[in-house]
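The data block below is start27.txt; it holds compact mmCIF, C-alpha atoms.
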# COMPACT_ATOMS: atom_id res chain seq x y z
CA MET A 22 0.00 0.00 0.00
CA LYS A 23 1.20 3.46 -0.78
CA ASP A 24 0.13 4.56 2.69
CA PRO A 25 0.40 1.65 5.13
CA ALA A 26 -1.83 3.33 7.71
CA CYS A 27 -5.25 1.74 7.92
CA GLY A 28 -8.05 4.09 8.85
CA PRO A 29 -11.30 3.21 10.58
CA ALA A 30 -13.12 2.47 7.31
CA GLY A 31 -10.33 0.13 6.20
CA ALA A 32 -10.33 -1.67 9.55
CA VAL A 33 -14.11 -2.11 9.44
CA ALA A 34 -13.95 -3.38 5.85
CA LEU A 35 -11.25 -5.88 6.79
CA ILE A 36 -13.18 -7.16 9.80
CA LEU A 37 -16.42 -7.42 7.80
CA ILE A 38 -14.82 -9.36 4.94
CA LEU A 39 -13.24 -11.77 7.42
CA LEU A 40 -16.57 -12.25 9.24
CA VAL A 41 -18.40 -12.84 5.96
CA LYS A 42 -15.84 -15.42 4.87
CA LEU A 43 -15.85 -17.15 8.26
CA THR A 44 -19.65 -17.36 8.31
CA ALA A 45 -19.79 -18.70 4.76
CA LEU A 46 -17.04 -21.24 5.50
CA GLU A 47 -18.93 -22.42 8.56
CA ALA A 48 -22.06 -22.91 6.44
CA LEU A 49 -19.99 -24.86 3.90
CA ALA A 50 -18.45 -27.27 6.43
CA GLY A 51 -17.83 -30.58 4.71
CA GLN A 52 -18.08 -29.24 1.16
CA GLN A 53 -14.75 -29.16 -0.61
CA VAL A 54 -15.54 -27.90 -4.10
CA PRO A 55 -16.44 -24.30 -3.11
CA LEU A 56 -13.25 -24.12 -1.07
CA VAL A 57 -11.26 -24.81 -4.23
CA LEU A 58 -13.38 -22.63 -6.50
CA ALA A 59 -13.25 -19.49 -4.34
CA PRO A 60 -9.49 -18.87 -4.66
CA MET A 61 -9.53 -20.03 -8.28
CA LEU A 62 -12.26 -17.54 -9.21
CA GLY A 63 -10.60 -14.82 -7.13
CA ARG A 64 -7.36 -15.18 -9.06
CA GLY A 65 -9.30 -15.44 -12.32
CA ALA A 66 -11.00 -12.14 -11.49
CA LEU A 67 -7.56 -10.64 -10.90
CA LEU A 68 -6.50 -11.66 -14.40
CA ALA A 69 -9.74 -10.27 -15.81
CA LEU A 70 -9.11 -7.01 -13.96
CA PHE A 71 -5.62 -6.61 -15.42
CA LEU A 72 -6.96 -7.52 -18.88
CA THR A 73 -9.83 -5.04 -18.86
CA THR A 74 -8.79 -2.15 -16.62
CA PRO A 75 -5.97 0.37 -17.00
CA TYR A 76 -3.35 0.39 -14.27
CA VAL A 77 -3.17 3.92 -12.89
CA ARG A 78 -0.35 4.05 -10.35
CA PRO A 79 2.99 4.50 -12.13
CA GLY A 80 5.72 2.77 -10.19
CA GLY A 81 3.25 0.76 -8.12
CA LEU A 82 3.92 -2.86 -7.21
CA GLY A 83 1.15 -4.10 -9.49
CA GLU A 84 2.35 -2.12 -12.50
CA VAL A 85 4.89 -4.75 -13.50
CA HIS A 86 2.25 -7.46 -13.34
CA ALA A 87 -0.30 -5.44 -15.29
CA ARG A 88 2.20 -4.41 -17.95
CA ALA A 89 3.97 -7.76 -18.38
CA LEU A 90 0.84 -9.92 -18.30
CA PRO A 91 0.86 -12.24 -21.32
CA ARG A 92 -2.56 -11.40 -22.71
CA ARG A 93 -3.39 -14.48 -24.79
CA PRO A 94 -2.59 -17.05 -22.05
CA ALA A 95 -4.42 -14.88 -19.51
CA VAL A 96 -7.57 -14.80 -21.67
CA ILE A 97 -7.37 -18.58 -22.12
CA ILE A 98 -7.01 -19.12 -18.37
CA VAL A 99 -10.03 -16.90 -17.62
CA LEU A 100 -12.12 -18.73 -20.22
CA VAL A 101 -11.08 -22.15 -18.89
CA ILE A 102 -11.99 -21.11 -15.35
CA VAL A 103 -15.39 -19.82 -16.49
CA ALA A 104 -16.05 -23.04 -18.43
CA ALA A 105 -14.92 -25.27 -15.55
CA ILE A 106 -17.39 -23.87 -13.04
CA PRO A 107 -20.61 -25.25 -14.61
CA ILE A 108 -18.81 -28.53 -15.32
CA THR A 109 -17.82 -29.02 -11.68
CA MET A 110 -20.86 -27.45 -10.00
CA GLY A 111 -23.70 -27.85 -12.49
CA SER A 112 -26.48 -25.28 -12.20
CA ASP A 113 -25.12 -24.09 -8.83
CA GLY A 114 -21.98 -23.09 -10.71
CA LEU A 115 -24.01 -20.77 -12.90
CA TRP A 116 -25.17 -18.90 -9.80
CA MET A 117 -21.54 -18.61 -8.73
CA LEU A 118 -20.60 -17.16 -12.10
CA VAL A 119 -23.45 -14.65 -11.88
CA SER A 120 -22.36 -13.55 -8.41
CA VAL A 121 -18.69 -13.32 -9.44
CA PHE A 122 -19.52 -11.35 -12.57
CA THR A 123 -21.77 -8.98 -10.63
CA ALA A 124 -19.23 -8.43 -7.85
CA PHE A 125 -16.44 -7.94 -10.38
CA MET A 126 -18.36 -5.44 -12.50
CA LEU A 127 -19.54 -3.40 -9.50
CA THR A 128 -16.06 -3.30 -7.99
CA ARG A 129 -14.47 -2.43 -11.33
CA ALA A 130 -17.01 0.34 -11.93
CA ALA A 131 -16.24 1.84 -8.52
CA MET A 132 -12.50 1.74 -9.28
CA LEU A 133 -12.97 3.43 -12.64
CA ARG A 134 -15.22 6.08 -11.14
CA ARG A 135 -12.99 6.91 -8.15
CA LEU A 136 -9.47 6.21 -9.44
CA GLY A 137 -9.75 5.96 -13.20
CA GLY A 138 -8.46 2.37 -13.15
CA ALA A 139 -6.82 -0.26 -10.97
CA THR A 140 -3.96 -0.24 -8.49
CA GLY A 141 -2.29 -3.06 -6.60
CA ASP A 142 -4.51 -2.37 -3.59
CA THR A 143 -7.69 -2.51 -5.64
CA ALA A 144 -6.47 -5.71 -7.31
CA GLY A 145 -6.23 -7.31 -3.88
CA ALA A 146 -9.69 -6.03 -3.05
CA VAL A 147 -11.08 -7.67 -6.21
CA VAL A 148 -9.65 -11.01 -5.11
CA GLU A 149 -11.14 -10.75 -1.62
CA ILE A 150 -14.54 -9.53 -2.82
CA THR A 151 -14.73 -12.24 -5.49
CA GLU A 152 -13.80 -14.99 -3.03
CA SER A 153 -16.45 -13.72 -0.63
CA ALA A 154 -19.07 -13.66 -3.37
CA VAL A 155 -18.26 -17.27 -4.28
CA LEU A 156 -18.44 -18.46 -0.67
CA ILE A 157 -21.68 -16.60 0.03
CA THR A 158 -23.30 -17.95 -3.14
CA ALA A 159 -22.12 -21.50 -2.43
CA ALA A 160 -23.55 -21.26 1.09
CA MET A 161 -26.89 -20.05 -0.27
CA VAL A 162 -27.41 -22.61 -3.05
Represent the structure from my file as structure tokens, please.
Amino acid sequence: MKDPACGPAGAVALILILLVKLTALEALAGQQVPLVLAPMLGRGALLALFLTTPYVRPGGLGEVHARALPRRPAVIIVLVIVAAIPITMGSDGLWMLVSVFTAFMLTRAAMLRRLGGATGDTAGAVVEITESAVLITAAMV
């Protein structure tokens, strides 16, 4: 983070995301597939973010990753992840994809509106928000 100090809003957001994940994980006790899909979709959303959103912090830690990302393999990986979800989860997987797409688009829109693009910090936020969306959806279906 450019400024390592965490204000009250950041602390509350961190605590809330951890509570949401903990609650969803408790509801998913004994189910293994969502536990694998959540990090996979989170990292897939990170690739999608770097593919579709300009990186706006010159010299930031994520700039190298955004700039040097091999585009064709990244697109293939995102497409494989999206195709694998309905195969592994059936119709429940479609709900996961809807929740991931919705969370991704809302988060990306907020980044574009407030910052004009992505930074390393917002990339990490996309991963956490996407993982939470997957776990919440898996707990609900």
Contacts of Gly63 (chain A) at 9 Å (only C-alpha atoms; same-chain gap of 2+ positions) as a PDB file with C-alpha atoms, in the frame of the given file:
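Dumped to around_21.pdb:
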ATOM      1  CA  LEU A  58     -13.380 -22.630  -6.500  1.00  0.00           C
ATOM      2  CA  ALA A  59     -13.250 -19.490  -4.340  1.00  0.00           C
ATOM      3  CA  PRO A  60      -9.490 -18.870  -4.660  1.00  0.00           C
ATOM      4  CA  MET A  61      -9.530 -20.030  -8.280  1.00  0.00           C
ATOM      5  CA  GLY A  65      -9.300 -15.440 -12.320  1.00  0.00           C
ATOM      6  CA  ALA A  66     -11.000 -12.140 -11.490  1.00  0.00           C
ATOM      7  CA  LEU A  67      -7.560 -10.640 -10.900  1.00  0.00           C
ATOM      8  CA  LEU A  68      -6.500 -11.660 -14.400  1.00  0.00           C
ATOM      9  CA  VAL A 121     -18.690 -13.320  -9.440  1.00  0.00           C
ATOM     10  CA  VAL A 147     -11.080  -7.670  -6.210  1.00  0.00           C
ATOM     11  CA  VAL A 148      -9.650 -11.010  -5.110  1.00  0.00           C
ATOM     12  CA  GLU A 149     -11.140 -10.750  -1.620  1.00  0.00           C
ATOM     13  CA  ILE A 150     -14.540  -9.530  -2.820  1.00  0.00           C
ATOM     14  CA  THR A 151     -14.730 -12.240  -5.490  1.00  0.00           C
ATOM     15  CA  GLU A 152     -13.800 -14.990  -3.030  1.00  0.00           C
ATOM     16  CA  SER A 153     -16.450 -13.720  -0.630  1.00  0.00           C
ATOM     17  CA  VAL A 155     -18.260 -17.270  -4.280  1.00  0.00           C
TER      18      VAL A 155
END
- Using only C-alpha atoms, which residues sit within 12 Å of Gln52 (chain A) once same-chain residues fewer than 5 positions away are excluded, as a VMD selection string? chain A and resid 45 to 47 57 to 58 110 156 159 to 160
- Query: Hey, what's within 12 Å of Val77 (chain A) if we count all atoms listed in the file and toss same-chain stuff fewer than 4 positions away? As an NGL selection string, please?
  - Reply: :A and (71 or 81-85 or 87-88 or 132-133 or 135-144)
- Task: Would you mind reading off the distance between CA of Thr128 (chain A) and CA of Leu70 (chain A), one decimal, in Å?
- Result: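 Taking CA of Thr128 (chain A) and CA of Leu70 (chain A), their separation equals 9.9 Å.
If you measure from each of A:Val162, A:Ala124, A:Lys42, A:Ala50 to Gly111 (chain A) using only C-alpha atoms, the closest one turns out to be A:Val162.
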- Task: List the neighbours of Pro94 (chain A) out to 12 Å using only C-alpha atoms; skip same-chain residues closer than 5 positions along the sequence, and give me the result as number ranges by chain.
- Result: A: 65, 68-69, 72, 89, 99-101
Keeping only C-alpha atoms, write those residues as an mmCIF file, in the frame of the given file.
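And here is the file that came out, again20.cif:
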data_model
loop_
_atom_site.group_PDB
_atom_site.id
_atom_site.type_symbol
_atom_site.label_atom_id
_atom_site.label_comp_id
_atom_site.auth_asym_id
_atom_site.auth_seq_id
_atom_site.Cartn_x
_atom_site.Cartn_y
_atom_site.Cartn_z
ATOM 1 C CA GLY A 65 -9.300 -15.440 -12.320
ATOM 2 C CA LEU A 68 -6.500 -11.660 -14.400
ATOM 3 C CA ALA A 69 -9.740 -10.270 -15.810
ATOM 4 C CA LEU A 72 -6.960 -7.520 -18.880
ATOM 5 C CA ALA A 89 3.970 -7.760 -18.380
ATOM 6 C CA VAL A 99 -10.030 -16.900 -17.620
ATOM 7 C CA LEU A 100 -12.120 -18.730 -20.220
ATOM 8 C CA VAL A 101 -11.080 -22.150 -18.890
#
- Please indicate the distance in Å from CA of Gly31 (chain A) to CA of Gly80 (chain A), rounded to one decimal place. 23.1 Å
- Message: Can you measure CA of Leu118 (chain A) to CA of His86 (chain A) for me? One decimal in Å is fine.
- Response: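 Those two atoms sit 24.9 Å apart.
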- Query: Given the choices A:Leu37, A:Ala154, A:Met126, A:Val103, which gets closest to Thr73 (chain A) if the distance is worked out from all atoms listed in the file?
  - Reply: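 Nearest to Thr73 (chain A): A:Met126.
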- Of the listed residues A:Leu90, A:Ile38, A:Val54, A:Ala30, that which approaches Ile108 (chain A) most closely, counting all atoms listed in the file: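 Going through A:Leu90, A:Ile38, A:Val54, A:Ala30 one by one, the smallest distance to Ile108 (chain A) is for A:Val54.
Of the listed residues A:Pro55, A:Val41, A:Arg64, A:Trp116, the one whose atoms come nearest to Gly145 (chain A) is A:Arg64, with distances taken using all atoms listed in the file.
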- Measuring atom to atom with all atoms listed in the file, identify which of A:Ile98, A:Ala48, A:Ala146, A:Ala130 is nearest to Met161 (chain A).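 For Met161 (chain A), the nearest of the candidates is A:Ala48.
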